[in-house]
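Below is structure.cif, holding mmCIF, C-alpha atoms.
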```cif
data_run
#
loop_
_atom_site.label_atom_id
_atom_site.label_comp_id
_atom_site.auth_asym_id
_atom_site.auth_seq_id
_atom_site.Cartn_x
_atom_site.Cartn_y
_atom_site.Cartn_z
CA MET S 11 2.96 14.06 26.34
CA LYS S 12 2.94 16.66 23.58
CA SER S 13 2.37 15.25 20.09
CA ILE S 14 3.37 16.57 16.70
CA LEU S 15 -0.34 16.30 15.83
CA ASP S 16 -1.36 18.92 18.41
CA ASN S 17 -2.83 21.98 16.68
CA ARG S 18 -2.08 20.51 13.23
CA GLU S 19 -5.50 19.47 12.03
CA ALA S 20 -4.57 18.37 8.50
CA LEU S 21 -1.71 16.17 9.70
CA LYS S 22 -3.84 14.80 12.53
CA ALA S 23 -6.63 13.92 10.07
CA GLU S 24 -4.16 12.10 7.83
CA VAL S 25 -2.77 10.04 10.70
CA GLU S 26 -6.31 9.24 11.87
CA LYS S 27 -7.08 7.99 8.36
CA ILE S 28 -4.00 5.77 8.49
CA ALA S 29 -5.18 4.38 11.84
CA GLU S 30 -8.65 3.73 10.39
CA VAL S 31 -7.21 1.75 7.48
CA ALA S 32 -4.93 -0.21 9.82
CA GLY S 33 -8.06 -1.27 11.69
CA TYR S 34 -9.72 -2.42 8.47
CA LEU S 35 -6.65 -4.49 7.53
CA TRP S 36 -6.74 -6.23 10.90
CA GLN S 37 -10.52 -6.75 10.87
CA ASN S 38 -10.34 -8.33 7.42
CA GLY S 39 -7.73 -10.82 8.61
CA TRP S 40 -5.11 -9.38 6.28
CA ALA S 41 -2.64 -8.29 8.97
CA GLU S 42 -1.70 -11.19 11.19
CA ARG S 43 0.79 -10.44 13.98
CA ASN S 44 2.97 -7.58 12.65
CA GLY S 45 2.19 -8.31 8.99
CA GLY S 46 1.83 -5.50 6.48
CA ASN S 47 3.06 -1.95 6.14
CA ILE S 48 1.76 1.55 5.54
CA THR S 49 3.90 4.48 4.40
CA VAL S 50 2.46 7.91 3.58
CA ASN S 51 4.19 10.98 2.17
CA VAL S 52 3.06 13.77 4.52
CA THR S 53 5.48 16.44 3.25
CA ASP S 54 2.66 18.74 2.11
CA LEU S 55 1.22 18.70 5.64
CA ILE S 56 4.43 19.71 7.39
CA ASP S 57 4.79 23.32 8.56
CA ASP S 58 7.91 25.36 9.27
CA ASP S 59 7.78 24.63 12.98
CA VAL S 60 7.95 20.90 12.30
CA ARG S 61 10.78 21.41 9.81
CA SER S 62 12.79 23.02 12.59
CA LEU S 63 12.22 20.19 15.06
CA PRO S 64 15.35 18.31 16.14
CA ALA S 65 15.65 14.62 15.46
CA ILE S 66 14.76 12.25 18.27
CA SER S 67 16.83 9.40 16.84
CA GLU S 68 20.29 8.90 15.49
CA VAL S 69 20.76 9.23 11.75
CA ARG S 70 20.01 5.93 10.04
CA GLN S 71 20.85 4.77 6.54
CA ILE S 72 18.04 3.92 4.12
CA GLY S 73 20.24 1.53 2.13
CA ILE S 74 19.68 3.31 -1.18
CA THR S 75 20.04 6.90 -2.37
CA LEU S 76 16.81 8.61 -3.45
CA PRO S 77 17.45 12.19 -4.64
CA ALA S 78 13.76 12.84 -5.33
CA LEU S 79 12.98 12.50 -1.61
CA LYS S 80 15.41 15.12 -0.28
CA GLY S 81 13.71 16.91 2.62
CA CYS S 82 10.53 14.82 2.42
CA TYR S 83 8.57 13.59 5.44
CA PHE S 84 6.83 10.24 5.83
CA TYR S 85 4.58 8.54 8.31
CA CYS S 86 5.80 4.93 8.59
CA LYS S 87 4.41 1.95 10.44
CA GLY S 88 6.95 0.72 12.97
CA THR S 89 8.92 -2.45 12.49
CA GLY S 90 7.49 -5.32 14.52
CA LYS S 91 4.35 -3.31 15.28
CA ARG S 92 0.86 -4.72 14.87
CA MET S 93 -1.84 -3.13 12.71
CA ARG S 94 -4.39 -3.67 15.46
CA ASP S 95 -2.23 -1.60 17.80
CA LEU S 96 -1.54 1.05 15.17
CA ALA S 97 -5.31 1.42 14.72
CA ARG S 98 -5.63 2.45 18.39
CA ARG S 99 -2.34 4.29 18.91
CA PRO S 100 -0.84 5.37 15.58
CA MET S 101 1.90 7.56 17.01
CA GLN S 102 3.10 4.84 19.40
CA ASN S 103 3.20 2.22 16.64
CA GLY S 104 4.54 4.38 13.85
CA SER S 105 6.63 7.51 13.48
CA ILE S 106 7.28 10.49 11.24
CA ILE S 107 10.68 10.57 9.59
CA ARG S 108 12.64 13.22 7.70
CA ILE S 109 14.76 12.29 4.68
CA LEU S 110 18.09 14.07 5.09
CA ASP S 111 20.02 16.14 2.58
CA ASP S 112 22.24 13.27 1.47
CA CYS S 113 19.06 11.49 0.27
CA ALA S 114 20.47 8.25 1.67
CA SER S 115 19.60 8.61 5.34
CA TYR S 116 16.76 9.62 7.62
CA ALA S 117 15.99 10.58 11.19
CA ILE S 118 12.85 10.16 13.28
CA ILE S 119 11.31 13.46 14.35
CA ALA S 120 8.07 12.40 16.10
CA ASP S 121 6.48 11.31 18.34
CA GLU S 122 8.58 8.47 19.71
CA GLU S 123 11.67 6.62 18.52
CA VAL S 124 9.70 3.92 16.69
CA MET S 125 11.88 2.35 14.02
CA PRO S 126 10.19 2.28 10.61
CA THR S 127 9.34 -0.94 8.83
CA SER S 128 12.22 -3.12 7.70
CA GLU S 129 10.77 -2.78 4.18
CA LEU S 130 11.35 0.99 4.26
CA PRO S 131 13.82 1.00 1.32
CA SER S 132 11.29 -0.60 -1.06
CA HIS S 133 8.46 1.67 0.11
CA LEU S 134 10.62 4.78 -0.27
CA ALA S 135 11.80 3.65 -3.71
CA VAL S 136 8.18 3.61 -4.82
CA HIS S 137 7.56 7.05 -3.31
CA ALA S 138 10.65 8.39 -5.05
CA ARG S 139 9.35 7.17 -8.40
CA LEU S 140 5.99 8.81 -7.69
CA VAL S 141 7.66 12.13 -6.90
CA GLU S 142 9.87 11.89 -9.98
CA ASN S 143 6.81 11.31 -12.16
CA GLY S 144 4.88 14.19 -10.60
CA SER S 145 2.26 11.74 -9.37
CA PRO S 146 -0.43 12.90 -6.92
CA TYR S 147 -0.22 9.51 -5.18
CA LYS S 148 0.97 9.82 -1.57
CA ALA S 149 0.35 6.42 0.06
CA THR S 150 1.59 2.85 -0.17
CA VAL S 151 0.00 -0.13 1.56
CA HIS S 152 1.28 -3.70 1.81
CA THR S 153 -1.04 -6.35 3.24
CA HIS S 154 -2.02 -10.03 2.96
CA PRO S 155 -5.55 -10.48 1.50
CA ILE S 156 -6.39 -14.13 2.05
CA GLU S 157 -8.18 -15.06 -1.18
CA LEU S 158 -5.82 -13.11 -3.43
CA VAL S 159 -2.80 -14.81 -1.85
CA ALA S 160 -4.55 -18.18 -2.22
CA MET S 161 -5.15 -17.56 -5.92
CA SER S 162 -1.45 -16.73 -6.37
CA HIS S 163 -0.61 -20.34 -5.52
CA ASN S 164 -2.09 -21.40 -8.88
CA LYS S 165 0.42 -20.85 -11.70
CA ARG S 166 -2.30 -20.50 -14.31
CA PHE S 167 -3.41 -17.25 -12.68
CA LEU S 168 0.02 -15.62 -12.81
CA GLY S 169 0.23 -14.81 -16.53
CA LYS S 170 -0.10 -11.18 -17.52
CA ASP S 171 -3.62 -9.90 -16.87
CA VAL S 172 -5.07 -13.39 -16.33
CA LEU S 173 -6.13 -12.50 -12.78
CA THR S 174 -7.12 -9.00 -13.86
CA ASP S 175 -9.66 -10.38 -16.34
CA ILE S 176 -11.00 -12.93 -13.85
CA LEU S 177 -11.40 -10.40 -11.05
CA TRP S 178 -12.88 -7.70 -13.28
CA SER S 179 -15.43 -10.22 -14.54
CA MET S 180 -16.72 -11.19 -11.09
CA ILE S 181 -18.60 -7.95 -10.33
CA PRO S 182 -18.84 -4.70 -12.34
CA GLU S 183 -17.59 -2.46 -9.52
CA THR S 184 -14.14 -4.04 -9.61
CA LYS S 185 -13.42 -2.84 -13.13
CA ALA S 186 -14.93 0.56 -12.31
CA PHE S 187 -12.97 1.12 -9.09
CA CYS S 188 -9.71 -0.67 -9.94
CA PRO S 189 -9.53 0.23 -13.64
CA LEU S 190 -5.84 -0.59 -14.12
CA GLY S 191 -6.26 -4.15 -12.85
CA LEU S 192 -3.71 -6.22 -10.95
CA GLY S 193 -0.03 -6.62 -11.72
CA VAL S 194 1.82 -9.76 -10.68
CA VAL S 195 5.36 -10.25 -9.35
CA PRO S 196 6.60 -13.88 -9.24
CA TYR S 197 7.90 -14.97 -5.85
CA VAL S 198 10.98 -13.07 -4.69
CA LEU S 199 12.51 -12.97 -1.22
CA PRO S 200 10.45 -10.55 0.93
CA GLY S 201 12.23 -7.28 1.66
CA SER S 202 14.82 -7.82 -1.08
CA ASN S 203 16.00 -5.27 -3.63
CA GLU S 204 14.83 -7.67 -6.33
CA LEU S 205 11.28 -7.47 -4.99
CA ALA S 206 11.41 -3.68 -4.85
CA GLU S 207 12.69 -3.44 -8.43
CA ALA S 208 10.09 -5.89 -9.76
CA THR S 209 7.33 -4.02 -7.93
CA LEU S 210 8.47 -0.69 -9.36
CA ARG S 211 8.27 -2.13 -12.86
CA GLU S 212 4.72 -3.39 -12.34
CA LEU S 213 3.60 -0.12 -10.75
CA GLU S 214 4.34 1.65 -14.02
CA ASP S 215 1.17 0.00 -15.37
CA TYR S 216 -0.85 -0.93 -12.28
CA ASP S 217 -1.90 0.63 -8.97
CA VAL S 218 -2.03 -2.74 -7.19
CA VAL S 219 0.55 -5.52 -7.48
CA LEU S 220 0.20 -9.10 -6.25
CA TRP S 221 3.32 -10.66 -4.78
CA GLU S 222 3.11 -14.40 -5.45
CA LYS S 223 2.48 -16.43 -2.27
CA HIS S 224 2.93 -13.28 -0.14
CA GLY S 225 0.47 -10.40 -0.44
CA VAL S 226 -0.29 -7.22 -2.32
CA PHE S 227 1.31 -3.80 -2.62
CA ALA S 228 -0.84 -0.81 -3.58
CA LYS S 229 -0.30 2.86 -4.22
CA GLY S 230 -3.03 5.47 -3.93
CA LEU S 231 -3.90 9.15 -3.69
CA ASP S 232 -4.09 8.54 0.06
CA VAL S 233 -4.14 5.52 2.32
CA MET S 234 -7.91 5.06 1.94
CA ASP S 235 -7.65 5.08 -1.86
CA ALA S 236 -4.95 2.40 -1.74
CA PHE S 237 -7.07 0.32 0.66
CA ASP S 238 -10.22 0.68 -1.44
CA GLN S 239 -8.52 -0.76 -4.52
CA ILE S 240 -7.27 -3.76 -2.56
CA ASP S 241 -10.73 -4.15 -1.03
CA VAL S 242 -12.59 -4.34 -4.35
CA LEU S 243 -10.08 -6.81 -5.77
CA SER S 244 -10.41 -8.91 -2.62
CA LYS S 245 -14.22 -8.91 -2.97
CA SER S 246 -13.89 -10.30 -6.49
CA ALA S 247 -11.47 -12.95 -5.28
CA LYS S 248 -13.96 -13.93 -2.57
CA ILE S 249 -16.74 -14.28 -5.16
CA TYR S 250 -14.52 -16.50 -7.30
CA VAL S 251 -13.40 -18.67 -4.39
CA ASN S 252 -16.95 -19.02 -3.06
CA ALA S 253 -18.26 -20.07 -6.47
CA LYS S 254 -15.53 -22.71 -6.70
CA ALA S 255 -16.39 -23.89 -3.19
CA MET S 256 -20.01 -24.29 -4.34
CA GLY S 257 -18.72 -26.67 -7.00
CA PHE S 258 -18.76 -24.64 -10.20
CA GLU S 259 -16.54 -22.37 -12.27
CA PRO S 260 -18.05 -18.88 -12.15
CA GLU S 261 -19.16 -17.67 -15.55
CA GLY S 262 -18.05 -14.07 -15.07
CA MET S 263 -18.92 -11.11 -17.22
CA SER S 264 -18.19 -11.58 -20.91
CA GLN S 265 -15.54 -9.59 -22.75
CA ALA S 266 -18.36 -7.72 -24.52
CA GLN S 267 -19.92 -6.80 -21.19
CA MET S 268 -16.59 -5.59 -19.82
CA LYS S 269 -15.97 -3.53 -22.98
CA GLU S 270 -19.38 -1.97 -22.46
CA MET S 271 -18.27 -1.04 -18.92
CA THR S 272 -15.08 0.52 -20.27
CA ILE S 273 -17.02 2.76 -22.65
CA ALA S 274 -19.85 3.63 -20.24
CA PHE S 275 -17.51 4.62 -17.38
CA ASN S 276 -14.73 6.06 -19.60
CA LEU S 277 -12.19 3.64 -18.16
CA PRO S 278 -8.56 3.47 -19.35
CA ARG S 279 -8.73 -0.22 -20.33
#
```
Encoded form (structure tokens):
Amino acid sequence: MKSILDNREALKAEVEKIAEVAGYLWQNGWAERNGGNITVNVTDLIDDDVRSLPAISEVRQIGITLPALKGCYFYCKGTGKRMRDLARRPMQNGSIIRILDDCASYAIIADEEVMPTSELPSHLAVHARLVENGSPYKATVHTHPIELVAMSHNKRFLGKDVLTDILWSMIPETKAFCPLGLGVVPYVLPGSNELAEATLRELEDYDVVLWEKHGVFAKGLDVMDAFDQIDVLSKSAKIYVNAKAMGFEPEGMSQAQMKEMTIAFNLPR
């Protein structure tokens, strides 16, 4: 079967990167069953031949109107699809969609009629904000890192930047590679407009947002960048949880040591 990726090396490389990250999410235990989502803006990788392709699905409503996304193209994980399957067969477990001229609907153009994630409206709302702000960020990832979700069950961690300071202090690389820290959204019904709106607000200040008792949502330059930020935060959470399991409260880096990091690495905070 002919694929949209045939003879399109840049688009093929991007989809292969998405598949690689999907494998990491599964291997880390962050993507049980069909848990998690990946959505990537691939508009810059779409050529004129693809733009002229007919839809392979009926027109479907997004549920919101997003003028900034008119004519944009996205790779989306399929609804009900498993990350472990996407890692092996990305174009059978995800699809490429075109946002139509009304900015409120889309159609699937390749490779198969795989319905996008049910959380598509919230993912696209984030992408629309990125486009509006002229951001170079192209990818969003939602997944369920075990230790970070566990820490969200403790109310004392959910104050502004409480978890950021704890996680930054566990190992220097976390502050260096996730310099904006971790935003927090109190529990809201998954897939709801309220969750999307709260996430958008937090993403004004953070690249990664923790959804209480649920998971994380990250934006990045590409899917690997988004994954890497989640990965370093997860490593810090593991260090914290392991120290507690050993029977002590981890000391962490001091505020003076973290300030030294900020200056030495020219970090924003």
Selection result for the PyMOL selection byres ((chain S and resi 264) around 12) on this file, as a PDB file with C-alpha atoms, in the frame of the given file:
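The resulting file, part06.pdb, is shown below:
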```
ATOM      1  CA  ASP S 175      -9.660 -10.380 -16.340  1.00  0.00           C
ATOM      2  CA  ILE S 176     -11.000 -12.930 -13.850  1.00  0.00           C
ATOM      3  CA  TRP S 178     -12.880  -7.700 -13.280  1.00  0.00           C
ATOM      4  CA  SER S 179     -15.430 -10.220 -14.540  1.00  0.00           C
ATOM      5  CA  MET S 180     -16.720 -11.190 -11.090  1.00  0.00           C
ATOM      6  CA  ILE S 181     -18.600  -7.950 -10.330  1.00  0.00           C
ATOM      7  CA  PRO S 182     -18.840  -4.700 -12.340  1.00  0.00           C
ATOM      8  CA  PRO S 260     -18.050 -18.880 -12.150  1.00  0.00           C
ATOM      9  CA  GLU S 261     -19.160 -17.670 -15.550  1.00  0.00           C
ATOM     10  CA  GLY S 262     -18.050 -14.070 -15.070  1.00  0.00           C
ATOM     11  CA  MET S 263     -18.920 -11.110 -17.220  1.00  0.00           C
ATOM     12  CA  GLN S 265     -15.540  -9.590 -22.750  1.00  0.00           C
ATOM     13  CA  ALA S 266     -18.360  -7.720 -24.520  1.00  0.00           C
ATOM     14  CA  GLN S 267     -19.920  -6.800 -21.190  1.00  0.00           C
ATOM     15  CA  MET S 268     -16.590  -5.590 -19.820  1.00  0.00           C
ATOM     16  CA  LYS S 269     -15.970  -3.530 -22.980  1.00  0.00           C
ATOM     17  CA  GLU S 270     -19.380  -1.970 -22.460  1.00  0.00           C
ATOM     18  CA  MET S 271     -18.270  -1.040 -18.920  1.00  0.00           C
TER      19      MET S 271
END
```
Which residues, named as in the file, does the PyMOL selection byres ((chain S and resi 216-222) around 9) pick out? Answer as an NGL selection string. :S and (158-159 or 161-163 or 168 or 188-198 or 205 or 209 or 212-215 or 223-230 or 236 or 239-240)
Neighbouring residues of Val60 in chain S were defined as those with any atom within 12 Å, considering all atoms listed in the file; residues of the same chain fewer than 3 positions away were excluded. Please report them as a CSV table (one decimal) with C-alpha atoms, in the frame of the given file.
```
chain,number,residue,atom,x,y,z
S,13,SER,CA,2.4,15.2,20.1
S,14,ILE,CA,3.4,16.6,16.7
S,15,LEU,CA,-0.3,16.3,15.8
S,16,ASP,CA,-1.4,18.9,18.4
S,17,ASN,CA,-2.8,22.0,16.7
S,18,ARG,CA,-2.1,20.5,13.2
S,21,LEU,CA,-1.7,16.2,9.7
S,52,VAL,CA,3.1,13.8,4.5
S,53,THR,CA,5.5,16.4,3.2
S,54,ASP,CA,2.7,18.7,2.1
S,55,LEU,CA,1.2,18.7,5.6
S,56,ILE,CA,4.4,19.7,7.4
S,57,ASP,CA,4.8,23.3,8.6
S,63,LEU,CA,12.2,20.2,15.1
S,64,PRO,CA,15.4,18.3,16.1
S,65,ALA,CA,15.6,14.6,15.5
S,81,GLY,CA,13.7,16.9,2.6
S,82,CYS,CA,10.5,14.8,2.4
S,83,TYR,CA,8.6,13.6,5.4
S,106,ILE,CA,7.3,10.5,11.2
S,107,ILE,CA,10.7,10.6,9.6
S,108,ARG,CA,12.6,13.2,7.7
S,118,ILE,CA,12.8,10.2,13.3
S,119,ILE,CA,11.3,13.5,14.4
S,120,ALA,CA,8.1,12.4,16.1
S,121,ASP,CA,6.5,11.3,18.3
```
Hey, what's within 7 Å of Asn47 in chain S if we count only C-alpha atoms and toss same-chain stuff fewer than 6 positions away? As a PyMOL selection string, please? chain S and resi 87+127+151-153
What does the structure give for the distance between CA of Val69 in chain S and CA of Gly144 in chain S, in Å to one decimal?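 CA of Gly144 in chain S lies at a distance of 27.9 Å from CA of Val69 in chain S.
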Hits of the PyMOL selection byres ((chain S and resi 25) around 10) in this structure, as a list in words: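 Residues picked by the PyMOL selection byres ((chain S and resi 25) around 10): Leu15, Glu19, Ala20, Leu21, Lys22, Ala23, Glu24, Glu26, Lys27, Ile28, Ala29, Glu30, Val31, Val50, Val52, Tyr85, Ala97, Pro100, Met101, Gly104 and Val233 of chain S.
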Residue nearest Trp36 in chain S among S:Val124, S:Ile249, S:Ile74, S:Ile156 (counting all atoms listed in the file):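 Answer, going by the shortest atom-to-atom distance: S:Ile156.
Minimum distance to Asp235 in chain S across S:Phe187, S:Tyr116, S:Tyr250, S:Phe84 (counting all atoms listed in the file) occurs at S:Phe187.
The coordinates place CA of Ala117 in chain S at 11.9 Å from CA of Cys86 in chain S.
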Min atom-atom distance to Ala208 in chain S from the set S:Thr174, S:Ser246, S:Ser132, S:Ser145, counting only C-alpha atoms, belongs to S:Ser132
One-decimal distance in Å that lies between CA of Arg211 in chain S and CA of Glu42 in chain S: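 Between these atoms lies a distance of 27.6 Å.
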Residues near Ala138 in chain S, cut-off 9 Å, all atoms listed in the file, skip fewer than 2 positions along chain, as a list in words: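 The residues that qualify are Leu76, Pro77, Ala78, Leu79, His133, Leu134, Ala135, Val136, Leu140, Val141, Glu142 and Asn143 of chain S.
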Which residue gives the smallest distance to Gly45 in chain S among S:Leu173, S:Ala253, S:Ile72, S:Leu96, with only C-alpha atoms counted? S:Leu96
Identify, on the basis of only C-alpha atoms, every residue whose closest approach to Asn38 in chain S does not exceed 10 Å; exclude the query and any residue fewer than 5 positions from it along the same chain; express the result as a list in words.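 Close residues of Asn38 in chain S: Gly33, His154, Pro155, Ile156 and Asp241 of chain S.
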Expected file contents, prior selection, C-alpha atoms, as a short mmCIF file (atom, residue, chain, number, x, y, z; two decimals), in the coordinates of the input:
```cif
data_model
loop_
_atom_site.label_atom_id
_atom_site.label_comp_id
_atom_site.auth_asym_id
_atom_site.auth_seq_id
_atom_site.Cartn_x
_atom_site.Cartn_y
_atom_site.Cartn_z
CA GLY S 33 -8.06 -1.27 11.69
CA HIS S 154 -2.02 -10.03 2.96
CA PRO S 155 -5.55 -10.48 1.50
CA ILE S 156 -6.39 -14.13 2.05
CA ASP S 241 -10.73 -4.15 -1.03
#
```
Centre, x/y/z edge lengths, axis-aligned box for range 148-163 of chain S with 4 Å per side, as JSON:
```
{"center_x": -3.3, "center_y": -5.3, "center_z": -1.6, "size_x": 17.8, "size_y": 38.2, "size_z": 17.6}
```
